[in-house]
>>> print(open('work18.csv').read())   # CSV, C-alpha atoms
chain,number,residue,atom,x,y,z
A,117,MET,CA,-16.1,-0.8,-25.9
A,118,THR,CA,-14.4,-4.1,-26.5
A,119,ILE,CA,-10.7,-5.0,-26.7
A,120,ALA,CA,-11.2,-5.3,-30.5
A,121,ASP,CA,-12.4,-1.7,-30.5
A,122,MET,CA,-9.2,-0.7,-28.6
A,123,VAL,CA,-7.1,-2.6,-31.1
A,124,ARG,CA,-8.7,-0.7,-34.0
A,125,ILE,CA,-8.6,2.7,-32.4
A,126,LEU,CA,-5.0,2.4,-31.3
A,127,ASN,CA,-3.9,0.6,-34.5
A,128,ALA,CA,-2.5,-2.0,-32.0
A,129,ARG,CA,-0.9,-5.4,-32.6
A,130,VAL,CA,-2.3,-8.3,-30.8
A,131,LEU,CA,0.5,-10.3,-29.1
A,132,LEU,CA,-1.8,-12.7,-27.1
A,133,GLY,CA,-5.4,-13.6,-26.8
A,134,GLU,CA,-6.7,-13.1,-30.4
A,135,GLU,CA,-9.7,-15.3,-29.5
A,136,LYS,CA,-10.8,-13.0,-26.6
A,137,LEU,CA,-11.0,-9.7,-28.4
A,138,ASP,CA,-14.7,-9.4,-28.0
A,139,THR,CA,-14.2,-9.0,-24.2
A,140,PRO,CA,-15.9,-5.8,-23.0
A,141,VAL,CA,-13.7,-3.1,-21.5
A,142,HIS,CA,-15.2,-1.1,-18.6
A,143,THR,CA,-12.4,1.2,-17.3
A,144,ALA,CA,-8.7,1.8,-17.9
A,145,CYS,CA,-5.7,2.6,-15.7
A,146,CYS,CA,-2.4,4.0,-17.0
A,147,SER,CA,0.6,3.6,-14.8
A,148,ASP,CA,4.1,2.3,-14.5
A,149,LEU,CA,3.7,2.2,-10.8
A,150,MET,CA,2.4,-1.3,-9.9
A,151,SER,CA,1.7,-0.2,-6.3
A,152,ASP,CA,-0.7,2.4,-7.7
A,153,VAL,CA,-2.3,-0.2,-9.9
A,154,LEU,CA,-2.8,-2.5,-7.0
A,155,ALA,CA,-4.4,0.3,-5.0
A,156,PHE,CA,-7.0,1.5,-7.4
A,157,VAL,CA,-7.9,-1.1,-9.9
A,158,ASP,CA,-10.5,-3.9,-10.2
A,159,GLU,CA,-10.6,-6.8,-12.5
A,160,LYS,CA,-12.6,-5.2,-15.3
A,161,THR,CA,-9.9,-2.7,-15.9
A,162,VAL,CA,-7.4,-2.5,-18.8
A,163,LEU,CA,-3.9,-1.7,-17.7
A,164,ILE,CA,-2.0,0.7,-20.1
A,165,THR,CA,1.7,0.7,-19.2
A,166,GLY,CA,5.2,1.2,-20.5
A,167,LEU,CA,6.7,-1.3,-18.0
A,168,THR,CA,7.5,-4.7,-19.5
A,169,ASN,CA,8.9,-6.6,-16.5
A,170,PRO,CA,7.4,-9.8,-14.9
A,171,HIS,CA,5.7,-7.8,-12.1
A,172,VAL,CA,3.3,-6.3,-14.6
A,173,ILE,CA,2.0,-9.9,-15.2
A,174,ARG,CA,2.1,-10.7,-11.5
A,175,THR,CA,0.2,-7.6,-10.7
A,176,SER,CA,-2.4,-8.5,-13.4
A,177,GLU,CA,-2.6,-12.0,-11.9
A,178,MET,CA,-3.3,-10.7,-8.4
A,179,LEU,CA,-6.1,-8.4,-9.7
A,180,ASP,CA,-7.5,-10.8,-12.3
A,181,LEU,CA,-7.0,-8.2,-15.0
A,182,LYS,CA,-8.0,-9.3,-18.5
A,183,CYS,CA,-6.0,-7.0,-20.8
A,184,LEU,CA,-2.7,-5.3,-21.0
A,185,VAL,CA,-1.8,-2.5,-23.4
A,186,PHE,CA,1.9,-1.8,-23.9
A,187,VAL,CA,2.7,1.6,-25.3
A,188,ARG,CA,5.4,2.9,-27.7
A,189,GLY,CA,5.4,-0.4,-29.5
A,190,LYS,CA,7.0,-2.3,-26.6
A,191,VAL,CA,6.9,-6.0,-26.8
A,192,PRO,CA,7.8,-7.9,-23.6
A,193,ASN,CA,10.2,-10.8,-23.8
A,194,ASP,CA,9.1,-14.4,-24.4
A,195,GLU,CA,9.3,-15.4,-20.8
A,196,ILE,CA,6.9,-12.6,-19.8
A,197,LEU,CA,4.6,-13.4,-22.7
A,198,GLU,CA,4.5,-17.1,-21.6
A,199,ALA,CA,3.5,-16.0,-18.1
A,200,ALA,CA,0.8,-13.8,-19.5
A,201,ALA,CA,-0.4,-16.6,-21.7
A,202,GLU,CA,-0.7,-18.8,-18.6
A,203,GLN,CA,-2.9,-16.1,-17.1
A,204,GLY,CA,-5.1,-16.1,-20.2
A,205,LEU,CA,-4.3,-12.4,-20.6
A,206,VAL,CA,-5.0,-10.5,-23.8
A,207,VAL,CA,-1.8,-8.5,-24.6
A,208,ILE,CA,-1.7,-5.8,-27.2
A,209,THR,CA,0.9,-3.2,-28.2
A,210,THR,CA,0.4,0.2,-29.7
A,211,LYS,CA,2.9,2.7,-31.2
A,212,ALA,CA,1.2,5.5,-29.3
A,213,THR,CA,2.8,7.0,-26.2
A,214,ALA,CA,1.0,6.4,-22.9
A,215,PHE,CA,-0.4,9.9,-22.8
A,216,SER,CA,-1.7,9.7,-26.4
A,217,ALA,CA,-3.1,6.2,-26.0
A,218,CYS,CA,-5.1,7.4,-22.9
A,219,GLY,CA,-6.3,10.5,-24.8
A,220,ILE,CA,-7.4,8.6,-27.8
A,221,LEU,CA,-9.3,6.0,-25.7
A,222,TYR,CA,-10.8,8.7,-23.5
A,223,ALA,CA,-12.1,10.5,-26.6
A,224,GLU,CA,-13.7,7.3,-27.7
A,225,GLY,CA,-15.6,7.0,-24.4
A,226,LEU,CA,-13.4,4.9,-22.2
A,227,ARG,CA,-13.1,6.2,-18.7
A,228,GLY,CA,-10.7,5.8,-15.7
A,229,VAL,CA,-11.4,4.0,-12.4
A,230,PRO,CA,-13.7,6.4,-10.5
A,231,VAL,CA,-11.8,8.3,-7.8
A,232,PRO,CA,-13.4,11.1,-5.8
A,233,LEU,CA,-11.8,14.5,-6.5
A,234,GLU,CA,-12.6,16.0,-3.2
A,235,TRP,CA,-9.8,16.5,-0.6
A,236,ASN,CA,-10.6,15.3,2.9
A,237,ALA,CA,-9.1,15.7,6.3
A,238,GLU,CA,-6.7,12.8,5.9
A,239,ASP,CA,-5.0,14.7,3.1
A,240,GLU,CA,-4.1,17.7,5.3
B,1231,MET,CA,-10.4,-22.6,16.3
B,1232,ASP,CA,-7.9,-24.7,14.5
B,1233,ALA,CA,-6.7,-23.6,11.1
B,1234,LEU,CA,-7.7,-25.8,8.1
B,1235,ILE,CA,-4.6,-24.8,6.3
B,1236,VAL,CA,-1.3,-23.4,7.5
B,1237,ASN,CA,1.4,-22.7,5.0
B,1238,THR,CA,4.7,-20.8,5.4
B,1239,TYR,CA,6.6,-19.2,2.6
B,1240,PRO,CA,10.2,-18.0,3.2
B,1241,VAL,CA,10.9,-14.7,1.5
B,1242,THR,CA,14.4,-13.7,0.6
B,1243,ALA,CA,15.6,-10.1,0.8
B,1244,ARG,CA,16.3,-8.4,-2.6
B,1245,ASP,CA,15.1,-11.4,-4.6
B,1246,TYR,CA,13.1,-9.4,-7.0
B,1247,THR,CA,12.8,-12.3,-9.5
B,1248,SER,CA,10.9,-14.6,-7.2
B,1249,ALA,CA,8.9,-11.8,-5.5
B,1250,GLY,CA,5.3,-12.6,-6.0
B,1251,HIS,CA,5.6,-16.4,-6.1
B,1252,ALA,CA,4.3,-16.9,-2.6
B,1253,SER,CA,1.3,-14.7,-3.3
B,1254,ALA,CA,0.5,-16.5,-6.5
B,1255,ASP,CA,0.5,-19.8,-4.6
B,1256,ILE,CA,-1.7,-18.3,-1.8
B,1257,LYS,CA,-4.1,-17.1,-4.4
B,1258,ARG,CA,-4.2,-20.5,-6.1
B,1259,ARG,CA,-4.8,-22.4,-2.8
B,1260,LEU,CA,-7.6,-20.1,-1.8
B,1261,LYS,CA,-9.2,-20.4,-5.2
B,1262,GLN,CA,-9.1,-24.2,-4.9
B,1263,LEU,CA,-10.9,-23.9,-1.5
B,1264,GLY,CA,-13.7,-22.0,-3.3
B,1265,VAL,CA,-12.7,-18.5,-2.1
B,1266,GLY,CA,-13.5,-16.0,-4.9
B,1267,GLY,CA,-14.5,-12.6,-5.9
B,1268,ASP,CA,-13.8,-9.5,-3.9
B,1269,VAL,CA,-12.2,-11.3,-0.9
B,1270,LEU,CA,-9.9,-13.3,-3.0
B,1271,ARG,CA,-8.7,-10.2,-4.8
B,1272,ARG,CA,-8.2,-8.3,-1.5
B,1273,VAL,CA,-6.2,-11.2,0.0
B,1274,ALA,CA,-4.1,-11.4,-3.2
B,1275,VAL,CA,-3.4,-7.7,-3.4
B,1276,ALA,CA,-2.5,-7.4,0.3
B,1277,SER,CA,-0.4,-10.6,0.1
B,1278,TYR,CA,1.6,-9.3,-2.9
B,1279,GLU,CA,2.2,-6.0,-1.3
B,1280,VAL,CA,3.4,-7.5,1.9
B,1281,GLU,CA,5.6,-10.0,0.1
B,1282,LEU,CA,7.2,-7.2,-2.0
B,1283,ASN,CA,7.8,-5.3,1.2
B,1284,LEU,CA,9.7,-8.2,2.6
B,1285,VAL,CA,11.8,-8.4,-0.6
B,1286,ILE,CA,12.4,-4.6,-0.9
B,1287,HIS,CA,12.8,-3.6,2.8
B,1288,SER,CA,13.5,-6.5,5.1
B,1289,ASP,CA,16.6,-8.5,5.9
B,1290,GLY,CA,14.6,-11.6,5.1
B,1291,GLY,CA,11.4,-13.0,6.5
B,1292,ARG,CA,8.4,-15.2,6.0
B,1293,LEU,CA,4.8,-15.0,5.0
B,1294,GLU,CA,2.3,-17.3,6.7
B,1295,LEU,CA,-1.1,-18.2,5.4
B,1296,GLN,CA,-3.7,-19.6,7.8
B,1297,VAL,CA,-7.2,-20.5,6.6
B,1298,PHE,CA,-10.0,-20.9,9.1
B,1299,PRO,CA,-13.6,-21.8,8.3
B,1300,ASP,CA,-14.6,-18.1,8.6
B,1301,ARG,CA,-11.5,-16.1,7.8
B,1302,VAL,CA,-8.1,-16.0,6.2
B,1303,GLN,CA,-5.1,-14.7,8.1
B,1304,LEU,CA,-1.8,-13.5,6.6
B,1305,THR,CA,1.2,-12.9,8.8
B,1306,SER,CA,4.4,-11.4,7.6
B,1307,SER,CA,7.4,-11.5,10.0
B,1308,ASP,CA,10.9,-10.4,9.3
B,1309,VAL,CA,14.3,-10.3,11.1
B,1310,GLY,CA,14.8,-6.6,10.6
B,1311,PRO,CA,15.7,-3.8,10.2
B,1312,GLY,CA,12.4,-2.6,11.7
B,1313,ILE,CA,10.5,0.7,11.0
B,1314,PRO,CA,11.6,3.7,13.0
B,1315,ASP,CA,8.5,5.8,12.4
B,1316,LEU,CA,5.3,3.7,11.8
B,1317,ALA,CA,3.0,6.7,11.4
B,1318,LEU,CA,5.2,8.0,8.6
B,1319,ALA,CA,5.5,4.5,7.0
B,1320,MET,CA,1.7,4.3,6.9
B,1321,ARG,CA,1.3,7.5,5.0
B,1322,GLU,CA,0.5,7.2,1.3
B,1323,GLY,CA,3.4,8.3,-0.9
B,1324,TRP,CA,6.1,7.8,1.8
B,1325,SER,CA,8.7,5.3,0.6
B,1326,THR,CA,12.2,4.4,1.4
B,1327,ALA,CA,12.5,1.9,-1.5
B,1328,ASN,CA,15.7,1.8,-3.5
B,1329,ASP,CA,16.2,2.6,-7.2
B,1330,GLU,CA,16.0,-1.1,-8.2
B,1331,ALA,CA,12.6,-1.6,-6.6
B,1332,ARG,CA,11.4,1.7,-8.2
B,1333,SER,CA,12.6,0.6,-11.6
B,1334,LEU,CA,10.4,-2.4,-11.3
B,1335,GLY,CA,7.3,-0.3,-10.6
B,1336,PHE,CA,7.3,-0.3,-6.8
B,1337,GLY,CA,8.2,2.1,-4.1
B,1338,ALA,CA,5.3,4.4,-4.7
B,1339,GLY,CA,4.6,4.5,-1.0
B,1340,MET,CA,1.3,2.7,-1.4
B,1341,GLY,CA,2.1,-0.7,0.1
B,1342,LEU,CA,1.2,-0.4,3.8
B,1343,PRO,CA,-1.9,1.9,3.3
B,1344,ASN,CA,-3.0,-0.5,0.5
B,1345,MET,CA,-2.7,-3.5,2.8
B,1346,LYS,CA,-4.7,-1.7,5.5
B,1347,ARG,CA,-7.4,-0.8,2.9
B,1348,ASN,CA,-7.7,-4.3,1.7
B,1349,ALA,CA,-7.7,-6.2,5.0
B,1350,ASP,CA,-10.6,-6.4,7.4
B,1351,ASP,CA,-8.2,-6.3,10.3
B,1352,PHE,CA,-4.7,-4.9,10.1
B,1353,ASP,CA,-2.0,-4.8,12.8
B,1354,ILE,CA,1.6,-3.8,12.5
B,1355,GLN,CA,4.3,-4.1,15.2
B,1356,SER,CA,7.8,-3.0,14.6
B,1357,GLU,CA,11.0,-2.6,16.6
B,1358,VAL,CA,14.2,-1.2,15.1
B,1359,GLY,CA,16.9,-3.8,15.2
B,1360,LYS,CA,14.4,-6.6,15.8
B,1361,GLY,CA,12.0,-6.7,13.0
B,1362,THR,CA,8.4,-6.1,11.8
B,1363,THR,CA,5.3,-8.3,12.1
B,1364,ILE,CA,2.2,-7.5,10.1
B,1365,THR,CA,-1.0,-9.4,10.7
B,1366,MET,CA,-4.0,-9.2,8.3
B,1367,GLY,CA,-7.4,-10.8,8.7
B,1368,PHE,CA,-10.0,-11.3,5.9
B,1369,ARG,CA,-13.5,-12.4,6.7
B,1370,LEU,CA,-15.0,-15.1,4.5
B,1371,GLN,CA,-18.7,-14.6,3.8
>>> encode(input="work18.csv", output="structure tokens")
Amino acid sequence: MTIADMVRILNARVLLGEEKLDTPVHTACCSDLMSDVLAFVDEKTVLITGLTNPHVIRTSEMLDLKCLVFVRGKVPNDEILEAAAEQGLVVITTKATAFSACGILYAEGLRGVPVPLEWNAEDE
Amino acid sequence: MDALIVNTYPVTARDYTSAGHASADIKRRLKQLGVGGDVLRRVAVASYEVELNLVIHSDGGRLELQVFPDRVQLTSSDVGPGIPDLALAMREGWSTANDEARSLGFGAGMGLPNMKRNADDFDIQSEVGKGTTITMGFRLQ
């Protein structure tokens, strides 16, 4: 899947990075908790979030993320978009809720960051 | 062995707007030195987490970057308040962050465990009333 495919599937609007829509997308993560994003994500991941503050961009910078998807039609303010442009991020927004955006993309074959489902001794 | 680069960043308590600037600068400097890939990302993530911890939890402190030929060292030191129960603080999901930090997407209780996971060496010393020092080492291949 490419970012262009995501734009089509989610009927999204491209806010930044029109020229990079052919970038391949490997995995996705959906969270409003940046600490969780920092814990589990690598650079080939797309971040789906409802959070539109500067820390979303800083988190993306630390992880070298390539694409952000804002849900419920959210559009971050100009200052945040400028910071995202400096990072060279592709930023898109969809009217879908976070849950629906994830479900739609999953149904089309996109998967999450692999996390083992087994419980281990440290969890007890 | 002498450090090639030593840089210190003061970090102000509760300054959520500037939080992350030190880590962004650290990442840029390391990139300029040719550090890349996995190790750069691990340093960046750990640095951002520890910087946010200083902003969210400390009474103010500083972050120090030291670059040696074979490793990067990050040291965070603050002037308090100190952590009463380190074992609890290291547990995933445990957090004492306030609502403001949570509204920005932090306070998930992942910070310290995430630093430990990303660093090759991790040490934390804390004394209530005195402060906390976290030292993290990252091997350069």
>>> residues_around(input="work18.csv", residues="segment 185-188 of chain A", least_positions_apart="2", cutoff="8 Å", atoms="only C-alpha atoms", output="VMD selection string")
chain A and resid 162 to 168 183 190 to 191 207 to 214 217
>>> write_last_selection(input="work18.csv", atoms="C-alpha atoms", output="short mmCIF file (atom, residue, chain, number, x, y, z; two decimals), in the frame of the given file")
data_model
loop_
_atom_site.label_atom_id
_atom_site.label_comp_id
_atom_site.auth_asym_id
_atom_site.auth_seq_id
_atom_site.Cartn_x
_atom_site.Cartn_y
_atom_site.Cartn_z
CA VAL A 162 -7.40 -2.50 -18.80
CA LEU A 163 -3.90 -1.70 -17.70
CA ILE A 164 -2.00 0.70 -20.10
CA THR A 165 1.70 0.70 -19.20
CA GLY A 166 5.20 1.20 -20.50
CA LEU A 167 6.70 -1.30 -18.00
CA THR A 168 7.50 -4.70 -19.50
CA CYS A 183 -6.00 -7.00 -20.80
CA LYS A 190 7.00 -2.30 -26.60
CA VAL A 191 6.90 -6.00 -26.80
CA VAL A 207 -1.80 -8.50 -24.60
CA ILE A 208 -1.70 -5.80 -27.20
CA THR A 209 0.90 -3.20 -28.20
CA THR A 210 0.40 0.20 -29.70
CA LYS A 211 2.90 2.70 -31.20
CA ALA A 212 1.20 5.50 -29.30
CA THR A 213 2.80 7.00 -26.20
CA ALA A 214 1.00 6.40 -22.90
CA ALA A 217 -3.10 6.20 -26.00
#
>>> interface_residues(input="work18.csv", of="chain A", to="chain B", cutoff="6 Å", atoms="all atoms listed in the file", output="ChimeraX atom specification")
/A:148-151,155,178-179
>>> atom_distance(input="work18.csv", atom1="atom CA of Ala1331 of chain B", atom2="atom CA of His171 of chain A")
10.8 Å
>>> residues_around(input="work18.csv", residues="segment 118-126 of chain A", least_positions_apart="6", cutoff="6 Å", atoms="all atoms listed in the file", output="JSON, numbers by chain")
{"A": [137, 138, 139, 140, 141]}
>>> residues_around(input="work18.csv", residues="segment 1355-1363 of chain B", least_positions_apart="3", cutoff="9 Å", atoms="all atoms listed in the file", output="PyMOL selection string")
chain B and resi 1288-1289+1305-1314+1316
>>> atom_distance(input="work18.csv", atom1="atom CA of Ile1286 of chain B", atom2="atom CA of Gly204 of chain A")
28.5 Å
>>> residues_around(input="work18.csv", residues="Val206 of chain A", least_positions_apart="3", cutoff="8 Å", atoms="all atoms listed in the file", output="ChimeraX atom specification")
/A:130-134,136-137,182-184,200-201
>>> build_atoms(input="work18.csv", residues="segment 161-195 of chain A", atoms="N, CA and C atoms", output="mmCIF file, in the coordinates of the input")
data_model
loop_
_atom_site.group_PDB
_atom_site.id
_atom_site.type_symbol
_atom_site.label_atom_id
_atom_site.label_comp_id
_atom_site.auth_asym_id
_atom_site.auth_seq_id
_atom_site.Cartn_x
_atom_site.Cartn_y
_atom_site.Cartn_z
ATOM 1 N N THR A 161 -10.690 -3.788 -15.407
ATOM 2 C CA THR A 161 -9.900 -2.700 -15.900
ATOM 3 C C THR A 161 -8.809 -3.145 -16.863
ATOM 4 N N VAL A 162 -8.561 -2.294 -17.846
ATOM 5 C CA VAL A 162 -7.400 -2.500 -18.800
ATOM 6 C C VAL A 162 -6.249 -1.748 -18.216
ATOM 7 N N LEU A 163 -5.094 -2.372 -18.215
ATOM 8 C CA LEU A 163 -3.900 -1.700 -17.700
ATOM 9 C C LEU A 163 -3.064 -1.232 -18.948
ATOM 10 N N ILE A 164 -2.821 0.077 -19.012
ATOM 11 C CA ILE A 164 -2.000 0.700 -20.100
ATOM 12 C C ILE A 164 -0.648 0.998 -19.400
ATOM 13 N N THR A 165 0.440 0.465 -19.919
ATOM 14 C CA THR A 165 1.700 0.700 -19.200
ATOM 15 C C THR A 165 2.900 0.643 -20.206
ATOM 16 N N GLY A 166 3.984 1.256 -19.772
ATOM 17 C CA GLY A 166 5.200 1.200 -20.500
ATOM 18 C C GLY A 166 6.214 0.236 -19.894
ATOM 19 N N LEU A 167 5.779 -0.371 -18.802
ATOM 20 C CA LEU A 167 6.700 -1.300 -18.000
ATOM 21 C C LEU A 167 6.499 -2.682 -18.564
ATOM 22 N N THR A 168 7.616 -3.341 -18.889
ATOM 23 C CA THR A 168 7.500 -4.700 -19.500
ATOM 24 C C THR A 168 8.251 -5.719 -18.641
ATOM 25 N N ASN A 169 8.176 -5.630 -17.319
ATOM 26 C CA ASN A 169 8.900 -6.600 -16.500
ATOM 27 C C ASN A 169 7.833 -7.649 -15.941
ATOM 28 N N PRO A 170 8.320 -8.750 -15.330
ATOM 29 C CA PRO A 170 7.400 -9.800 -14.900
ATOM 30 C C PRO A 170 6.365 -9.317 -13.858
ATOM 31 N N HIS A 171 6.673 -8.228 -13.153
ATOM 32 C CA HIS A 171 5.700 -7.800 -12.100
ATOM 33 C C HIS A 171 4.457 -7.195 -12.696
ATOM 34 N N VAL A 172 4.512 -6.778 -13.961
ATOM 35 C CA VAL A 172 3.300 -6.300 -14.600
ATOM 36 C C VAL A 172 2.313 -7.523 -14.718
ATOM 37 N N ILE A 173 2.875 -8.681 -15.056
ATOM 38 C CA ILE A 173 2.000 -9.900 -15.200
ATOM 39 C C ILE A 173 1.575 -10.351 -13.817
ATOM 40 N N ARG A 174 2.465 -10.297 -12.823
ATOM 41 C CA ARG A 174 2.100 -10.700 -11.500
ATOM 42 C C ARG A 174 1.004 -9.817 -10.883
ATOM 43 N N THR A 175 1.171 -8.532 -11.121
ATOM 44 C CA THR A 175 0.200 -7.600 -10.700
ATOM 45 C C THR A 175 -1.186 -7.898 -11.326
ATOM 46 N N SER A 176 -1.146 -8.179 -12.619
ATOM 47 C CA SER A 176 -2.400 -8.500 -13.400
ATOM 48 C C SER A 176 -3.002 -9.776 -12.793
ATOM 49 N N GLU A 177 -2.139 -10.739 -12.411
ATOM 50 C CA GLU A 177 -2.600 -12.000 -11.900
ATOM 51 C C GLU A 177 -3.354 -11.751 -10.534
ATOM 52 N N MET A 178 -2.744 -10.936 -9.676
ATOM 53 C CA MET A 178 -3.300 -10.700 -8.400
ATOM 54 C C MET A 178 -4.705 -10.000 -8.529
ATOM 55 N N LEU A 179 -4.839 -9.149 -9.536
ATOM 56 C CA LEU A 179 -6.100 -8.400 -9.700
ATOM 57 C C LEU A 179 -7.054 -9.041 -10.682
ATOM 58 N N ASP A 180 -6.677 -10.175 -11.266
ATOM 59 C CA ASP A 180 -7.500 -10.800 -12.300
ATOM 60 C C ASP A 180 -7.778 -9.911 -13.488
ATOM 61 N N LEU A 181 -6.789 -9.111 -13.865
ATOM 62 C CA LEU A 181 -7.000 -8.200 -15.000
ATOM 63 C C LEU A 181 -7.098 -9.103 -16.282
ATOM 64 N N LYS A 182 -7.774 -8.550 -17.291
ATOM 65 C CA LYS A 182 -8.000 -9.300 -18.500
ATOM 66 C C LYS A 182 -7.142 -8.842 -19.687
ATOM 67 N N CYS A 183 -6.703 -7.578 -19.659
ATOM 68 C CA CYS A 183 -6.000 -7.000 -20.800
ATOM 69 C C CYS A 183 -4.914 -6.060 -20.468
ATOM 70 N N LEU A 184 -3.787 -6.217 -21.142
ATOM 71 C CA LEU A 184 -2.700 -5.300 -21.000
ATOM 72 C C LEU A 184 -2.390 -4.593 -22.292
ATOM 73 N N VAL A 185 -2.144 -3.292 -22.211
ATOM 74 C CA VAL A 185 -1.800 -2.500 -23.400
ATOM 75 C C VAL A 185 -0.386 -1.952 -23.177
ATOM 76 N N PHE A 186 0.564 -2.382 -23.983
ATOM 77 C CA PHE A 186 1.900 -1.800 -23.900
ATOM 78 C C PHE A 186 2.006 -0.655 -24.891
ATOM 79 N N VAL A 187 2.650 0.438 -24.458
ATOM 80 C CA VAL A 187 2.700 1.600 -25.300
ATOM 81 C C VAL A 187 4.111 1.725 -25.961
ATOM 82 N N ARG A 188 4.203 2.670 -26.894
ATOM 83 C CA ARG A 188 5.400 2.900 -27.700
ATOM 84 C C ARG A 188 5.958 1.670 -28.349
ATOM 85 N N GLY A 189 5.020 0.815 -28.726
ATOM 86 C CA GLY A 189 5.400 -0.400 -29.500
ATOM 87 C C GLY A 189 6.165 -1.408 -28.749
ATOM 88 N N LYS A 190 6.153 -1.317 -27.421
ATOM 89 C CA LYS A 190 7.000 -2.300 -26.600
ATOM 90 C C LYS A 190 6.378 -3.664 -26.682
ATOM 91 N N VAL A 191 7.303 -4.620 -26.761
ATOM 92 C CA VAL A 191 6.900 -6.000 -26.800
ATOM 93 C C VAL A 191 7.735 -6.713 -25.653
ATOM 94 N N PRO A 192 7.056 -7.263 -24.642
ATOM 95 C CA PRO A 192 7.800 -7.900 -23.600
ATOM 96 C C PRO A 192 8.505 -9.174 -24.085
ATOM 97 N N ASN A 193 9.501 -9.652 -23.348
ATOM 98 C CA ASN A 193 10.200 -10.800 -23.800
ATOM 99 C C ASN A 193 9.370 -12.102 -23.726
ATOM 100 N N ASP A 194 9.866 -13.185 -24.315
ATOM 101 C CA ASP A 194 9.100 -14.400 -24.400
ATOM 102 C C ASP A 194 8.654 -14.979 -23.079
ATOM 103 N N GLU A 195 9.581 -14.880 -22.109
ATOM 104 C CA GLU A 195 9.300 -15.400 -20.800
ATOM 105 C C GLU A 195 8.077 -14.704 -20.163
#
